[in-house]
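Raw contents of entry-v2.cif, mmCIF, C-alpha atoms:
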```
data_target
#
loop_
_atom_site.label_atom_id
_atom_site.label_comp_id
_atom_site.auth_asym_id
_atom_site.auth_seq_id
_atom_site.Cartn_x
_atom_site.Cartn_y
_atom_site.Cartn_z
CA MET M 1 40.73 109.25 124.37
CA THR M 2 40.75 113.04 124.49
CA ASN M 3 40.40 114.56 127.92
CA PRO M 4 36.84 115.98 128.18
CA ALA M 5 38.10 119.01 130.07
CA LEU M 6 40.48 119.81 127.20
CA GLN M 7 37.65 119.37 124.71
CA ARG M 8 35.54 121.89 126.63
CA LEU M 9 38.47 124.29 126.72
CA ALA M 10 39.10 123.92 122.98
CA ALA M 11 35.47 124.77 122.29
CA ARG M 12 35.96 128.13 124.03
CA LEU M 13 39.05 129.16 122.06
CA PRO M 14 38.29 132.12 119.78
CA ALA M 15 38.28 131.98 116.00
CA PHE M 16 41.34 133.40 114.28
CA GLU M 17 39.72 135.63 111.65
CA PRO M 18 41.34 136.68 108.37
CA GLY M 19 42.80 140.17 108.62
CA HIS M 20 43.49 139.85 112.35
CA VAL M 21 46.85 140.00 114.12
CA TRP M 22 47.50 138.07 117.32
CA LEU M 23 50.48 139.23 119.40
CA ALA M 24 51.66 136.17 121.31
CA GLY M 25 54.35 135.07 123.73
CA ALA M 26 56.19 131.79 123.15
CA GLY M 27 57.50 131.57 126.70
CA PRO M 28 61.11 131.22 127.87
CA GLY M 29 62.42 128.83 125.21
CA ASP M 30 61.38 125.19 125.36
CA ALA M 31 58.13 124.39 123.53
CA ARG M 32 56.63 122.71 126.60
CA TYR M 33 56.11 126.17 128.08
CA LEU M 34 53.70 127.27 125.34
CA THR M 35 50.23 128.15 126.58
CA LEU M 36 47.26 126.30 125.10
CA ASP M 37 46.06 129.58 123.59
CA VAL M 38 49.35 130.13 121.74
CA LEU M 39 49.55 126.49 120.65
CA ASP M 40 46.06 126.82 119.19
CA ALA M 41 47.05 130.03 117.39
CA LEU M 42 50.08 128.36 115.84
CA GLY M 43 47.80 125.77 114.27
CA LYS M 44 45.46 128.41 112.82
CA ALA M 45 47.81 131.12 111.54
CA ASP M 46 48.42 131.81 107.86
CA VAL M 47 51.71 133.54 108.62
CA VAL M 48 53.96 133.58 111.69
CA VAL M 49 56.22 136.60 112.16
CA HIS M 50 58.69 135.57 114.84
CA ASP M 51 61.61 136.97 116.75
CA ALA M 52 65.09 135.55 117.33
CA LEU M 53 64.21 133.71 120.54
CA VAL M 54 61.48 131.51 119.03
CA SER M 55 62.80 128.01 118.40
CA GLU M 56 62.37 125.77 115.36
CA GLU M 57 60.58 123.34 117.67
CA VAL M 58 57.93 125.96 118.43
CA LEU M 59 57.59 126.92 114.76
CA GLY M 60 57.04 123.24 113.99
CA PHE M 61 53.54 123.59 115.45
CA ALA M 62 52.61 125.80 112.47
CA PRO M 63 53.41 123.60 109.42
CA GLN M 64 50.61 125.24 107.44
CA ALA M 65 51.91 128.78 107.92
CA GLU M 66 54.34 130.97 106.05
CA VAL M 67 57.16 131.73 108.50
CA LEU M 68 58.82 135.16 108.44
CA TYR M 69 61.83 136.05 110.60
CA ALA M 70 61.79 139.48 112.22
CA GLY M 71 64.44 139.14 114.89
CA LYS M 72 66.13 141.89 116.85
CA ARG M 73 69.41 140.99 118.59
CA GLY M 74 71.80 143.48 120.15
CA GLY M 75 74.99 143.97 118.15
CA LYS M 76 73.72 141.90 115.21
CA PRO M 77 71.84 142.77 112.02
CA SER M 78 68.22 143.28 113.02
CA THR M 79 64.92 144.08 111.38
CA ALA M 80 63.89 147.68 112.04
CA GLN M 81 60.88 147.93 114.33
CA GLU M 82 59.07 150.23 111.90
CA ASP M 83 59.49 147.65 109.14
CA ILE M 84 58.12 144.89 111.38
CA THR M 85 55.06 146.94 112.27
CA LEU M 86 54.37 147.90 108.66
CA SER M 87 54.70 144.25 107.66
CA LEU M 88 52.08 143.20 110.23
CA ILE M 89 49.67 145.83 108.91
CA ARG M 90 50.32 144.90 105.27
CA LEU M 91 49.79 141.19 105.89
CA ALA M 92 46.57 141.81 107.83
CA ARG M 93 45.20 144.06 105.11
CA ALA M 94 45.91 141.26 102.62
CA GLY M 95 43.46 139.11 104.59
CA ARG M 96 46.05 136.91 106.32
CA ARG M 97 45.75 135.50 109.83
CA VAL M 98 48.93 136.93 111.31
CA LEU M 99 50.61 135.53 114.41
CA ARG M 100 53.32 137.82 115.77
CA LEU M 101 55.30 135.48 118.01
CA LYS M 102 57.84 136.67 120.55
CA GLY M 103 59.95 134.98 123.18
CA GLY M 104 58.65 135.30 126.73
CA ASP M 105 55.64 137.61 126.98
CA PRO M 106 54.91 140.23 124.30
CA PHE M 107 54.44 142.99 126.87
CA ILE M 108 57.68 142.36 128.81
CA PHE M 109 60.51 144.01 126.85
CA GLY M 110 58.99 142.58 123.65
CA ARG M 111 57.75 145.82 122.06
CA GLY M 112 54.28 144.34 122.06
CA GLY M 113 52.82 147.59 123.32
CA GLU M 114 54.32 149.52 120.41
CA GLU M 115 52.99 147.03 117.88
CA ALA M 116 49.54 146.94 119.48
CA GLU M 117 49.39 150.73 119.42
CA ALA M 118 50.31 150.79 115.73
CA LEU M 119 47.68 148.14 114.93
CA ALA M 120 45.04 150.09 116.83
CA SER M 121 45.94 153.27 114.93
CA ALA M 122 45.68 151.37 111.64
CA LYS M 123 42.34 149.91 112.76
CA ILE M 124 43.65 146.34 112.47
CA PRO M 125 41.83 143.93 114.83
CA PHE M 126 44.24 142.26 117.24
CA ARG M 127 44.46 140.08 120.35
CA ILE M 128 47.13 139.73 123.00
CA LEU M 129 48.09 136.16 123.92
CA PRO M 130 50.25 136.27 127.07
CA GLY M 131 53.29 134.05 127.31
CA MET M 132 55.19 132.76 130.31
CA THR M 133 57.52 135.61 131.24
CA ALA M 134 61.09 134.54 130.48
CA SER M 135 62.62 135.96 133.64
CA LEU M 136 60.25 134.33 136.09
CA ALA M 137 60.30 131.02 134.22
CA ALA M 138 64.10 131.09 134.15
CA LEU M 139 64.26 131.66 137.90
CA ALA M 140 61.89 128.77 138.52
CA SER M 141 63.88 126.55 136.15
CA VAL M 142 67.01 126.92 138.31
CA ARG M 143 65.14 126.92 141.64
CA ILE M 144 65.53 130.56 142.54
CA PRO M 145 62.22 131.94 143.88
CA ALA M 146 61.39 135.39 142.53
CA THR M 147 59.93 136.37 145.89
CA MET M 148 60.56 134.78 149.26
CA ARG M 149 59.09 135.71 152.60
CA GLY M 150 61.83 137.11 154.80
CA ILE M 151 64.13 137.75 151.83
CA SER M 152 62.26 139.83 149.24
CA ARG M 153 59.06 141.86 149.16
CA ALA M 154 59.29 143.00 145.54
CA ILE M 155 61.25 142.31 142.38
CA THR M 156 62.38 144.64 139.61
CA LEU M 157 62.56 143.64 135.93
CA ALA M 158 64.98 145.95 134.15
CA THR M 159 66.61 146.25 130.75
CA GLY M 160 70.37 146.64 130.74
CA HIS M 161 71.16 147.33 127.10
CA ALA M 162 71.74 151.07 127.70
CA ALA M 163 73.39 150.92 131.13
CA GLY M 164 75.54 153.94 131.82
CA GLU M 165 74.16 155.96 128.91
CA GLU M 166 72.34 159.26 129.22
CA GLY M 167 68.65 158.77 129.98
CA ASP M 168 69.12 155.23 131.24
CA LEU M 169 67.70 153.79 134.46
CA ASP M 170 68.80 155.19 137.79
CA TRP M 171 70.73 152.11 138.90
CA THR M 172 71.74 153.74 142.17
CA ALA M 173 68.06 154.21 143.03
CA LEU M 174 67.41 150.55 142.21
CA ALA M 175 70.31 149.59 144.43
CA ARG M 176 68.84 151.45 147.39
CA THR M 177 65.65 149.36 147.34
CA GLY M 178 67.60 146.34 148.52
CA GLU M 179 65.21 144.14 146.54
CA PRO M 180 66.14 141.61 143.82
CA ILE M 181 66.71 142.81 140.27
CA VAL M 182 66.39 140.71 137.11
CA VAL M 183 68.15 142.28 134.14
CA TYR M 184 67.26 141.53 130.53
CA MET M 185 69.73 142.28 127.70
CA GLY M 186 72.44 143.28 130.14
CA LEU M 187 75.31 140.89 129.54
CA LYS M 188 77.33 143.31 127.39
CA ASN M 189 77.04 146.01 130.07
CA LEU M 190 77.28 143.74 133.11
CA ALA M 191 80.48 145.33 134.44
CA THR M 192 78.87 148.79 134.25
CA ILE M 193 75.65 147.58 135.88
CA SER M 194 77.57 145.95 138.71
CA ARG M 195 79.65 149.09 139.29
CA LEU M 196 76.59 151.36 139.36
CA LEU M 197 74.74 149.09 141.79
CA ILE M 198 77.75 148.93 144.12
CA GLU M 199 78.08 152.70 143.94
CA GLY M 200 74.41 152.88 144.86
CA GLY M 201 74.90 150.86 148.02
CA ARG M 202 74.73 147.18 147.12
CA THR M 203 77.58 145.33 148.76
CA PRO M 204 80.17 143.75 146.47
CA ASP M 205 79.37 140.33 147.95
CA THR M 206 75.67 140.53 147.02
CA PRO M 207 74.68 137.13 145.59
CA ALA M 208 74.21 137.16 141.81
CA ALA M 209 73.62 134.76 138.96
CA ILE M 210 73.34 134.49 135.19
CA ILE M 211 70.87 132.11 133.55
CA MET M 212 71.74 131.50 129.90
CA ALA M 213 69.32 129.94 127.38
CA ALA M 214 66.83 129.20 130.15
CA THR M 215 64.69 126.01 129.91
CA THR M 216 66.49 124.80 126.76
CA ALA M 217 69.03 122.04 126.30
CA GLU M 218 71.73 124.76 126.22
CA GLU M 219 70.76 126.19 129.62
CA ARG M 220 73.73 127.20 131.77
CA LEU M 221 73.87 128.76 135.22
CA LEU M 222 76.60 130.86 136.80
CA THR M 223 76.48 131.98 140.43
CA ALA M 224 78.93 134.47 141.88
CA THR M 225 78.90 137.81 143.67
CA LEU M 226 77.97 141.17 142.23
CA ALA M 227 81.64 142.17 142.21
CA THR M 228 82.87 139.04 140.41
CA LEU M 229 79.96 138.13 138.13
CA ALA M 230 81.08 140.06 135.03
CA ALA M 231 84.60 138.62 135.07
CA GLU M 232 83.32 135.09 135.71
CA ALA M 233 80.82 135.38 132.85
CA GLU M 234 83.51 136.48 130.41
CA GLN M 235 85.90 133.78 131.56
CA GLN M 236 83.28 131.05 131.19
CA GLY M 237 82.00 132.25 127.81
CA PHE M 238 78.45 133.15 128.76
CA ALA M 239 76.49 134.70 125.90
CA ALA M 240 73.01 135.95 125.03
CA PRO M 241 70.24 135.12 125.56
CA ALA M 242 70.91 135.49 129.25
CA LEU M 243 69.18 136.90 132.31
CA ILE M 244 71.07 138.43 135.22
CA VAL M 245 69.73 137.97 138.75
CA ILE M 246 70.98 140.15 141.59
CA GLY M 247 69.91 139.74 145.20
CA ASP M 248 69.62 137.44 148.18
CA ILE M 249 67.02 135.25 146.44
CA VAL M 250 70.00 133.61 144.68
CA THR M 251 70.98 132.03 148.02
CA MET M 252 67.77 129.98 147.94
CA ARG M 253 69.02 127.76 145.11
CA PRO M 254 71.46 125.64 147.14
CA ARG M 255 68.96 125.49 149.97
CA LEU M 256 66.23 124.15 147.68
CA ASN M 257 68.63 121.74 146.02
CA GLY M 258 69.50 120.42 149.47
CA LEU M 259 65.84 119.45 149.88
CA GLU M 260 65.78 117.74 146.49
CA THR M 261 64.47 114.16 146.49
CA ALA M 262 64.11 113.60 142.75
CA SER M 263 65.26 115.25 139.56
#
```
Please render this file's structure as structure tokens.
Amino acid sequence: MTNPALQRLAARLPAFEPGHVWLAGAGPGDARYLTLDVLDALGKADVVVHDALVSEEVLGFAPQAEVLYAGKRGGKPSTAQEDITLSLIRLARAGRRVLRLKGGDPFIFGRGGEEAEALASAKIPFRILPGMTASLAALASVRIPATMRGISRAITLATGHAAGEEGDLDWTALARTGEPIVVYMGLKNLATISRLLIEGGRTPDTPAAIIMAATTAEERLLTATLATLAAEAEQQGFAAPALIVIGDIVTMRPRLNGLETAS
């Protein structure tokens, strides 16, 4: 029997109209982290335009839809952002129900803001469907709290793909906050990021971790220090997608595992 509360919720879900684009987040990886809103959209879409971090399992919830790949991965052949945006507009103008599906949340390093702005300029109706943010879900998956009273009062989400280049983040300023940092797309530049943070005042023995393929069957975790993390990651063959965590919150993992009573 269907849960009555779920039936009431389903009745409130909006109609997916022809000519509309919904910008949605698929969460950190595993399909069990999809929101009900996104799961509903997958079942209604005429076409799903997805990025490289959306799994086949997730796409399996849209058997009725045409599936178009529009992935962007550092160092690999990628679809130009302008082409992706123009494709969304073209499909919507053709009367399709377009689901633009991204890993994590569309507004956290997902270029969702750029695409929404382009849709608004083209007068294409759109909705934003939040997804579980990959960084925070990844931390929870490995039992590292993003914030912890007595350890952290804030957390910074940063992109590391341009570390050390002109116009990049001021890593020394981030170092001086003393608060945890979660770095997206930073594995290639991890040695540079570590050096800049140490130059900015973080101690070389600052706890650090890498979470690879979070929440999936391929998930791997590496813990080390800020000074040794890059070398350890290379030695152990860590690869994208991966999130880098820097700060004392990493020390909570063994403490929480020590309290573990069941898996």
>> Need to verify the contact set: Arg202 of chain M, 6 Å, all atoms listed in the file, exclusion of same-chain residues closer than 2 positions in sequence. Can you return it as a list in words?
In response: Ala175, Leu197 and Ile198 of chain M
Deliver the residues from the most recent selection as a file, using C-alpha atoms, as an mmCIF file, keeping the file's coordinate frame.
```cif
data_model
loop_
_atom_site.group_PDB
_atom_site.id
_atom_site.type_symbol
_atom_site.label_atom_id
_atom_site.label_comp_id
_atom_site.auth_asym_id
_atom_site.auth_seq_id
_atom_site.Cartn_x
_atom_site.Cartn_y
_atom_site.Cartn_z
ATOM 1 C CA ALA M 175 70.310 149.590 144.430
ATOM 2 C CA LEU M 197 74.740 149.090 141.790
ATOM 3 C CA ILE M 198 77.750 148.930 144.120
#
```
>> As an exercise, work out the distance from atom CA of Gln64 of chain M to atom CA of Ala41 of chain M in Å and give it to one decimal place.
In response: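 Straight-line distance from atom CA of Gln64 of chain M to atom CA of Ala41 of chain M works out to 11.6 Å.
With all atoms listed in the file as the atoms that count, the residue of M:Ala45, M:Ala158, M:Ala230, M:Ile144 with the shortest distance to Gly95 of chain M is M:Ala45.
Restricting the calculation to all atoms listed in the file, the smallest distance between Ala191 of chain M and any of M:Ala231, M:Ala173, M:Ala137, M:Ala162 is found for M:Ala231.
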> Which of these residues is nearest to Ser121 of chain M, using only C-alpha atoms: M:Thr85, M:Leu34, M:Glu219, M:Pro63?
Replying inline: M:Thr85
> Any idea what the distance is between atom CA of Ile155 of chain M and atom CA of Pro180 of chain M?
Replying inline: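 Atom-to-atom, atom CA of Ile155 of chain M to atom CA of Pro180 of chain M, that is 5.1 Å.
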> Excluding same-chain residues fewer than 3 positions from Ser141 of chain M, what lies within 10 Å of it counting only C-alpha atoms, as a PyMOL selection string?
Replying inline: chain M and resi 28+135-138+144-145+211+214-216+219
>> Can you pull out the residues contacting segment 233-235 of chain M? Cut-off 10 Å, using all atoms listed in the file, and skip same-chain residues under 5 positions away; I want them as an NGL selection string.
In response: :M and (187-188 or 190 or 209-210 or 221-224 or 228)
> Could you state the separation of atom CA of Ala208 of chain M and atom CA of Gly178 of chain M in Å, given to one decimal place?
Replying inline: 13.2 Å
> Which residue, M:Ala65, M:Ala70, M:Val182, M:Val250, has the smallest gap to Arg143 of chain M when you use all atoms listed in the file?
Replying inline: M:Val250
>> Just checking: using all atoms listed in the file, which residue out of M:Ala240, M:Met148, M:Leu174, M:Ala31 ends up closest to Asn189 of chain M?
In response: M:Ala240
>> Can you tell me which residues surround segment 101-118 of chain M at a distance of at most 10 Å, considering only C-alpha atoms, apart from same-chain residues fewer than 2 positions away, and format the answer as JSON, numbers by chain?
In response: {"M": [21, 22, 23, 24, 25, 26, 27, 28, 29, 33, 34, 38, 41, 42, 48, 49, 50, 51, 52, 53, 54, 55, 58, 59, 69, 70, 71, 72, 81, 82, 84, 85, 86, 88, 89, 98, 99, 120, 121, 122, 123, 124, 125, 126, 127, 128, 129, 130, 131, 132, 133, 134, 135, 136, 137, 157, 158, 159, 184, 185]}
>> Neighbouring residues of Thr172 of chain M were defined as those with any atom within 12 Å, considering only C-alpha atoms; residues of the same chain fewer than 3 positions away were excluded. Please report them as a list in words.
In response: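 Listing them by chain and then by number gives Ala163, Gly164, Asp168, Leu169, Ala175, Arg176, Thr177, Gly178, Thr192, Ile193, Ser194, Arg195, Leu196, Leu197, Ile198, Glu199, Gly200, Gly201 and Arg202 of chain M.
Considering the residues M:Ala239, M:Leu68, M:Leu119, M:Leu226 and counting all atoms listed in the file, His20 of chain M has its shortest atom-to-atom contact with M:Leu119.
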> Taking the file as shown, what set of residues would the PyMOL selection byres ((chain M and resi 252) around 12) give back, as number ranges by chain?
Replying inline: M: 139-140, 142-152, 207-209, 223, 247-251, 253-259
